[in-house]
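A.B. asks: Have a look at this one.
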Amino acid sequence: MTRTDVLIIGSGIAALSTAYQLARFNINVTVVTKGGKKDSNSALAQGGISVALSREDNWRLHYKDTLMAGCYLNDEKAVERLVSLAPHTLLDFMGAGMNFDRNKKGDLLFGREAAHSLNRVIHAGGDATGLKAMEQLIINTDNNDNITFKLHEPVLDLIVKDGRCYGALTRDSKGSLHTYYAGSTVIASGGIGGLYPATTNDKTITGDSIALAYRAGCRLKNLEFVQFHPTMLTIDGHAYGLVSEAVRGAGALLINDKGERIMDGVHPMKELAPRDVVAREVYAHHLKGEQIYLDISAISDFKEKFPTVSGICEDHGVDLSNNLIPVAPGAHFHMGGIQATSEGVTNIKDLYAVGEAACTGVHGANRLASNSLLEGLVFGRLTADHILANPQSIKEAEYTMSGAVAENLPCKKEIRRKMMEFVGIVRHRGEIDKVIKWFDSFMPKGESDFVSLDYNKTDNEQAEIYNMLTTGKLIAEAAARRKDSIGAHCITD
Ligand code: SIN
């Protein structure tokens, strides 16, 4: 049993920004995570960080672009906080050691990505922004005695009684169960990409946070909005990694095997149309059996500008001298999640949610490119500030193991296939109920819902599959409730 002022679940940019800010004020923090320190979507993020720091820009333009990409379903106050606090937060991050790419004169370089009205995205190491940001945050948090990391230790359940969160139950890689009691608990464990067959997400990201929060009684929001990235390197139906939107921002074109541009006539911004529009178009061509390519011939010094993408291509036998990268869409980002304010406050006392796991409404129905690392940095800090202003003593409440057992669980491949078929890029009205029934068939015997399991009779792999079923069902139910297409939720008859 461990007692800690703040328990943070997850180890991406939102988790470590929150931890760093708390530890600066001598708060004792324990970070517990399912994988290693760099096993996060943040470390894989290529695109960059949007911030209105150039002379031509201001946060109101960033605000406008964020709302437009989100189909105006965004929470306007949350958007205003995100984009107006971005410049100061980024300057502070640079002050804490983070280096972004600059020209020879030392000025920041601003790149272009989809649905931005001007060049606003800053990068580090070309297309290695997420990795560089995580390396910096790991340095900053490793050097702090107030922070303890517990790696390869998934959270099985939150400990919640009478509307208050007391901490969490975990199991380490040797199979031992652990109880953590905390004054405040923060869920920052990312999204749901691993629920789909092709994803840009880290392999540890399988939608656990939604399932944990649901069982604890958290309000969830906008779960139907799953963003697919239009361009993953895809060979013979296998997806091998992201080809950043910054590649299209630098001039790459989407073409079919006859060399025709597929975005002509689809949207005025063509390759730089909002991500949901481009993903649907690429997907539609794939359904017709066409191979789609990114034609990179207009980009000089591709390998120097995009070292991560070049590495992924070379590792999988794509000869970049041909200037063609075969691509298809993959699950990328979840706009929905645990309903929370910009300060991470949820409906459960002393339980916070931040980053991709949370839904503050900031992304609306479709996230603007390069707003996610930003969200982790800005709202991570606001979450820490809220905890600092509302300190809670550590209290204990016994975790009672349920007797529920899940039998005959399906394999992950089957869950992913069903998710893509029924709640993928295009959903069919009337069909979604079929997959909801399929999910229901795996509920523990005698239960009317996905309840907590008996973890003495369930290993971590089974617990993960069970969480995938729970979260998958919740996404399908949300998709069935939203009758009209908007943003990333495209529904047809
Ligand atoms: C990308 O590099 O295309 C991804 C950027 C993002 O998701 O914001």
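Letters for chains follow the order of the structure tokens (A, B, ...), residue numbers begin at 1 for each chain, and ligand numbers begin at 1 in the order shown.
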Report as a PyMOL selection string all protein, DNA and RNA residues lying within 10 Å of Pro197 in chain A, evaluated on only C-alpha atoms, omitting residues in the same chain fewer than 2 positions from it.

C.D. replies: chain A and resi 193-195+199+238-239+330-331+412-420

A.B. asks: Set the cut-off to 7 Å, count only C-alpha atoms and all ligand atoms, and list whatever residues fall near ligand 1 as a PDB file with N, CA and C atoms, in the first residue's frame.

C.D. replies:
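To be explicit, this is the file written out as pocket-v5.pdb:
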ATOM      1  N   ALA A  45       4.223  11.660 -31.344  1.00  0.00           N
ATOM      2  CA  ALA A  45       3.624  12.778 -32.104  1.00  0.00           C
ATOM      3  C   ALA A  45       4.675  13.438 -32.994  1.00  0.00           C
ATOM      4  N   GLN A  46       4.357  13.504 -34.271  1.00  0.00           N
ATOM      5  CA  GLN A  46       5.311  14.088 -35.225  1.00  0.00           C
ATOM      6  C   GLN A  46       4.998  15.549 -35.515  1.00  0.00           C
ATOM      7  N   GLY A  47       3.692  15.854 -35.519  1.00  0.00           N
ATOM      8  CA  GLY A  47       3.221  17.115 -36.096  1.00  0.00           C
ATOM      9  C   GLY A  47       3.797  18.366 -35.474  1.00  0.00           C
ATOM     10  N   GLY A  48       3.717  18.541 -34.188  1.00  0.00           N
ATOM     11  CA  GLY A  48       4.229  19.757 -33.579  1.00  0.00           C
ATOM     12  C   GLY A  48       3.251  20.333 -32.579  1.00  0.00           C
ATOM     13  N   VAL A 243       2.520   9.215 -41.239  1.00  0.00           N
ATOM     14  CA  VAL A 243       3.226  10.138 -42.140  1.00  0.00           C
ATOM     15  C   VAL A 243       2.603  11.500 -41.864  1.00  0.00           C
ATOM     16  N   SER A 244       3.346  12.328 -41.168  1.00  0.00           N
ATOM     17  CA  SER A 244       2.804  13.559 -40.599  1.00  0.00           C
ATOM     18  C   SER A 244       2.094  14.442 -41.624  1.00  0.00           C
ATOM     19  N   GLU A 245       1.071  15.122 -41.109  1.00  0.00           N
ATOM     20  CA  GLU A 245       0.358  16.105 -41.920  1.00  0.00           C
ATOM     21  C   GLU A 245       1.283  17.246 -42.354  1.00  0.00           C
ATOM     22  N   ALA A 246       2.361  17.431 -41.593  1.00  0.00           N
ATOM     23  CA  ALA A 246       3.342  18.456 -41.952  1.00  0.00           C
ATOM     24  C   ALA A 246       3.942  18.153 -43.325  1.00  0.00           C
ATOM     25  N   LEU A 368      -8.256  20.212 -34.277  1.00  0.00           N
ATOM     26  CA  LEU A 368      -7.339  20.928 -35.174  1.00  0.00           C
ATOM     27  C   LEU A 368      -5.936  20.337 -34.993  1.00  0.00           C
ATOM     28  N   ALA A 369      -5.225  20.183 -36.117  1.00  0.00           N
ATOM     29  CA  ALA A 369      -3.880  19.596 -36.078  1.00  0.00           C
ATOM     30  C   ALA A 369      -2.979  20.327 -35.090  1.00  0.00           C
ATOM     31  N   SER A 370      -2.199  19.539 -34.377  1.00  0.00           N
ATOM     32  CA  SER A 370      -1.179  20.028 -33.436  1.00  0.00           C
ATOM     33  C   SER A 370      -1.737  20.804 -32.244  1.00  0.00           C
ATOM     34  N   ASN A 371      -3.000  20.572 -31.939  1.00  0.00           N
ATOM     35  CA  ASN A 371      -3.574  21.120 -30.698  1.00  0.00           C
ATOM     36  C   ASN A 371      -3.508  20.119 -29.540  1.00  0.00           C
ATOM     37  N   SER A 372      -2.996  18.881 -29.782  1.00  0.00           N
ATOM     38  CA  SER A 372      -3.089  17.903 -28.690  1.00  0.00           C
ATOM     39  C   SER A 372      -1.907  17.964 -27.733  1.00  0.00           C
TER      40      SER A 372
END

A.B. asks: Quick one: DSSP helix (DSSP H, G or I) residues in range 338-468 of chain A, as an MDAnalysis selection string?

C.D. replies: chainID A and resid 355:357 372:389 412:423 432:440 460:468

A.B. asks: Just the selected residues (C-alpha atoms), exported as a short mmCIF file (atom, residue, chain, number, x, y, z; two decimals), in the first residue's frame, please.

C.D. replies:
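selection.cif was written with the following content:
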data_model
loop_
_atom_site.label_atom_id
_atom_site.label_comp_id
_atom_site.auth_asym_id
_atom_site.auth_seq_id
_atom_site.Cartn_x
_atom_site.Cartn_y
_atom_site.Cartn_z
CA GLY A 355 -5.16 15.35 -22.00
CA GLU A 356 -6.66 12.94 -24.51
CA ALA A 357 -8.38 10.93 -21.76
CA SER A 372 -3.09 17.90 -28.69
CA LEU A 373 0.45 18.27 -27.31
CA LEU A 374 -0.64 21.83 -26.59
CA GLU A 375 -3.67 20.61 -24.65
CA GLY A 376 -1.45 18.36 -22.52
CA LEU A 377 0.91 21.22 -21.70
CA VAL A 378 -1.67 23.94 -21.02
CA PHE A 379 -4.40 21.94 -19.28
CA GLY A 380 -1.82 19.80 -17.43
CA ARG A 381 -0.60 22.96 -15.82
CA LEU A 382 -4.11 24.23 -15.08
CA THR A 383 -4.94 20.86 -13.49
CA ALA A 384 -1.87 21.06 -11.28
CA ASP A 385 -2.76 24.65 -10.32
CA HIS A 386 -6.28 23.55 -9.34
CA ILE A 387 -4.89 20.75 -7.16
CA LEU A 388 -2.41 23.20 -5.56
CA ALA A 389 -5.25 25.60 -4.77
CA LYS A 412 -8.18 -8.17 -29.58
CA LYS A 413 -8.08 -8.63 -33.36
CA GLU A 414 -11.80 -9.47 -33.37
CA ILE A 415 -12.69 -6.41 -31.26
CA ARG A 416 -10.66 -4.19 -33.61
CA ARG A 417 -12.32 -5.64 -36.69
CA LYS A 418 -15.79 -5.01 -35.23
CA MET A 419 -14.91 -1.43 -34.23
CA MET A 420 -13.70 -0.61 -37.75
CA GLU A 421 -16.72 -2.25 -39.38
CA PHE A 422 -19.39 -0.68 -37.19
CA VAL A 423 -17.90 2.47 -35.61
CA ILE A 432 -24.51 -0.04 -34.90
CA ASP A 433 -27.00 -1.90 -32.70
CA LYS A 434 -25.53 -5.17 -33.98
CA VAL A 435 -22.15 -4.42 -32.48
CA ILE A 436 -23.69 -3.17 -29.22
CA LYS A 437 -25.39 -6.58 -28.88
CA TRP A 438 -22.10 -8.31 -29.66
CA PHE A 439 -20.34 -6.34 -26.89
CA ASP A 440 -23.18 -7.15 -24.47
CA ASN A 460 -3.71 -8.11 -16.89
CA GLU A 461 -4.25 -9.25 -20.48
CA GLN A 462 -7.86 -10.28 -19.71
CA ALA A 463 -8.42 -7.01 -17.83
CA GLU A 464 -7.19 -5.09 -20.90
CA ILE A 465 -9.50 -6.99 -23.26
CA TYR A 466 -12.40 -6.41 -20.86
CA ASN A 467 -11.64 -2.66 -20.86
CA MET A 468 -11.55 -2.71 -24.67
#

A.B. asks: Point out the residue among A:Met443, A:Leu294, A:Ala406, A:Ile138 with the least atom-to-atom distance to Ile325 in chain A, counting only C-alpha atoms.

C.D. replies: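 So, comparing all the options, the nearest one is A:Leu294.
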
A.B. asks: With a distance cut-off of 10 Å and only C-alpha atoms, select the neighbouring residues of Glu135 in chain A, excluding the residue or stretch itself and same-chain residues fewer than 3 positions from it, and output the selection as a list in words.

C.D. replies: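 Once the adjacent positions are removed, what remains is Lys37, Lys38, Ala43, Met98, Thr129, Gly130, Leu131, Lys132, Ile138, Ile139, Asn140 and Thr141 of chain A.
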
A.B. asks: Applying 7 Å and only C-alpha atoms, which residues near Ser184 in chain A remain after dropping the ones on its own chain fewer than 2 positions away? List them as a VMD selection string.

C.D. replies: chain A and resid 5 to 7 182 186 350 to 351 392

A.B. asks: Please write the residues from the selection above to a file, keeping C-alpha atoms, as a PDB file, in the first residue's frame.

C.D. replies:
ATOM      1  CA  ASP A   5      -0.372  13.439  -2.280  1.00  0.00           C
ATOM      2  CA  VAL A   6      -1.227  13.061  -5.950  1.00  0.00           C
ATOM      3  CA  LEU A   7      -1.523   9.898  -8.035  1.00  0.00           C
ATOM      4  CA  ALA A 182      -3.986   9.746  -2.796  1.00  0.00           C
ATOM      5  CA  VAL A 186      -5.424  12.396 -12.094  1.00  0.00           C
ATOM      6  CA  ASP A 350     -10.767  14.555  -6.050  1.00  0.00           C
ATOM      7  CA  LEU A 351     -10.660  12.809  -9.423  1.00  0.00           C
ATOM      8  CA  GLN A 392      -6.687  17.263  -0.083  1.00  0.00           C
TER       9      GLN A 392
END

A.B. asks: Tell me, which residues of range 226-445 of chain A carry DSSP strand (DSSP E or B), written as a compact mmCIF listing (two decimals) with C-alpha atoms, in the first residue's frame?

C.D. replies:
# COMPACT_ATOMS: atom_id res chain seq x y z
CA VAL A 226 -12.88 9.35 -33.13
CA GLN A 227 -10.40 11.10 -35.40
CA PHE A 228 -8.77 9.06 -38.16
CA HIS A 229 -5.49 10.35 -39.55
CA PRO A 230 -5.58 10.24 -43.36
CA THR A 231 -1.99 9.18 -43.91
CA MET A 232 -0.40 6.18 -42.23
CA LEU A 233 2.29 4.38 -44.19
CA THR A 234 0.32 1.33 -45.35
CA ILE A 235 1.67 -1.60 -47.37
CA HIS A 238 -0.64 -3.27 -42.94
CA ALA A 239 -0.19 0.11 -41.27
CA TYR A 240 3.35 0.89 -40.12
CA GLY A 241 3.29 4.41 -38.67
CA LEU A 242 2.29 7.98 -39.17
CA LEU A 253 -0.04 15.81 -52.82
CA LEU A 254 -2.50 12.95 -52.44
CA ILE A 255 -2.74 11.04 -55.71
CA ARG A 261 -5.02 14.40 -57.33
CA ILE A 292 -3.44 6.19 -52.62
CA TYR A 293 0.01 7.79 -52.40
CA LEU A 294 1.57 10.90 -51.01
CA ASP A 295 3.57 12.39 -53.86
CA LEU A 324 5.69 8.06 -53.53
CA ILE A 325 4.57 6.92 -50.07
CA PRO A 326 1.59 4.50 -49.98
CA VAL A 327 -0.93 5.66 -47.37
CA ALA A 328 -4.27 4.81 -45.75
CA PRO A 329 -6.14 6.20 -42.71
CA GLY A 330 -5.67 4.97 -39.12
CA ALA A 331 -7.32 5.76 -35.77
CA HIS A 332 -5.46 8.72 -34.31
CA PHE A 333 -7.17 10.80 -31.62
CA HIS A 334 -10.26 10.68 -29.43
CA GLY A 337 -13.52 11.19 -23.10
CA ILE A 338 -14.06 11.80 -19.40
CA GLN A 339 -16.08 14.98 -19.02
CA VAL A 345 -12.25 18.69 -12.64
CA LYS A 349 -14.60 14.55 -5.99
CA LEU A 351 -10.66 12.81 -9.42
CA TYR A 352 -9.23 14.79 -12.34
CA ALA A 353 -8.88 13.99 -16.04
CA ALA A 358 -10.48 13.99 -20.92
CA CYS A 359 -13.20 15.70 -22.89
CA ARG A 427 -21.00 4.39 -39.73
CA HIS A 428 -24.30 2.99 -40.97

A.B. asks: Mind checking which residues fall within 10 Å of Ala488 in chain A, counting only C-alpha atoms, ignoring those fewer than 5 positions away in the same chain, and posting them as a list of chain:residue names?

C.D. replies: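 Near neighbours after the sequence-gap exclusion: A:Gly70, A:Cys71, A:Glu224, A:Phe225, A:Val226, A:Gln227, A:Phe228, A:Pro274, A:Arg275, A:Asp276, A:Val277, A:Ala279, A:Arg280, A:His334, A:Met335, A:Gly364, A:Ala365, A:Asn366, A:Arg367, A:Gly424, A:Ile425, A:Val426.
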
A.B. asks: Can those selected residues be exported to a file as a compact mmCIF listing (two decimals), in the first residue's frame so that it contains C-alpha atoms?

C.D. replies:
# COMPACT_ATOMS: atom_id res chain seq x y z
CA GLY A 70 -14.25 21.35 -34.52
CA CYS A 71 -17.44 22.16 -36.50
CA GLU A 224 -18.54 9.02 -30.81
CA PHE A 225 -15.89 11.44 -32.11
CA VAL A 226 -12.88 9.35 -33.13
CA GLN A 227 -10.40 11.10 -35.40
CA PHE A 228 -8.77 9.06 -38.16
CA PRO A 274 -9.80 19.38 -42.10
CA ARG A 275 -8.53 15.92 -41.22
CA ASP A 276 -11.93 14.19 -41.18
CA VAL A 277 -12.61 15.33 -44.77
CA ALA A 279 -9.48 10.77 -44.14
CA ARG A 280 -12.93 10.02 -45.60
CA HIS A 334 -10.26 10.68 -29.43
CA MET A 335 -12.06 13.99 -29.09
CA GLY A 364 -15.45 19.85 -30.64
CA ALA A 365 -16.26 17.24 -33.29
CA ASN A 366 -12.78 17.19 -34.83
CA ARG A 367 -9.42 18.30 -33.40
CA GLY A 424 -15.08 3.32 -38.01
CA ILE A 425 -14.65 6.18 -40.49
CA VAL A 426 -18.18 5.78 -41.90

A.B. asks: Could you name the residues that touch Ile475 in chain A at 7 Å or less, counting only C-alpha atoms, but leaving out those on the same chain fewer than 4 positions away, as a PyMOL selection string?

C.D. replies: chain A and resi 223-224+471+479

A.B. asks: Tell me, in Å to one decimal, how far CA of Ala14 in chain A is from CA of Val31 in chain A.

C.D. replies: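 Spanning CA of Ala14 in chain A to CA of Val31 in chain A is a straight-line distance of 11.6 Å.
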
A.B. asks: Could you tell me which of A:Lys34, A:His123, A:Arg24, A:Lys303 comes closest to Ile205 in chain A if we count only C-alpha atoms?

C.D. replies: A:Lys34

A.B. asks: Between A:Asn119, A:Thr400, A:Ser485, A:Asn256, which residue has the minimum interatomic distance to Leu158 in chain A, considering only C-alpha atoms?

C.D. replies: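 Closest to Leu158 in chain A, using only C-alpha atoms: A:Thr400.
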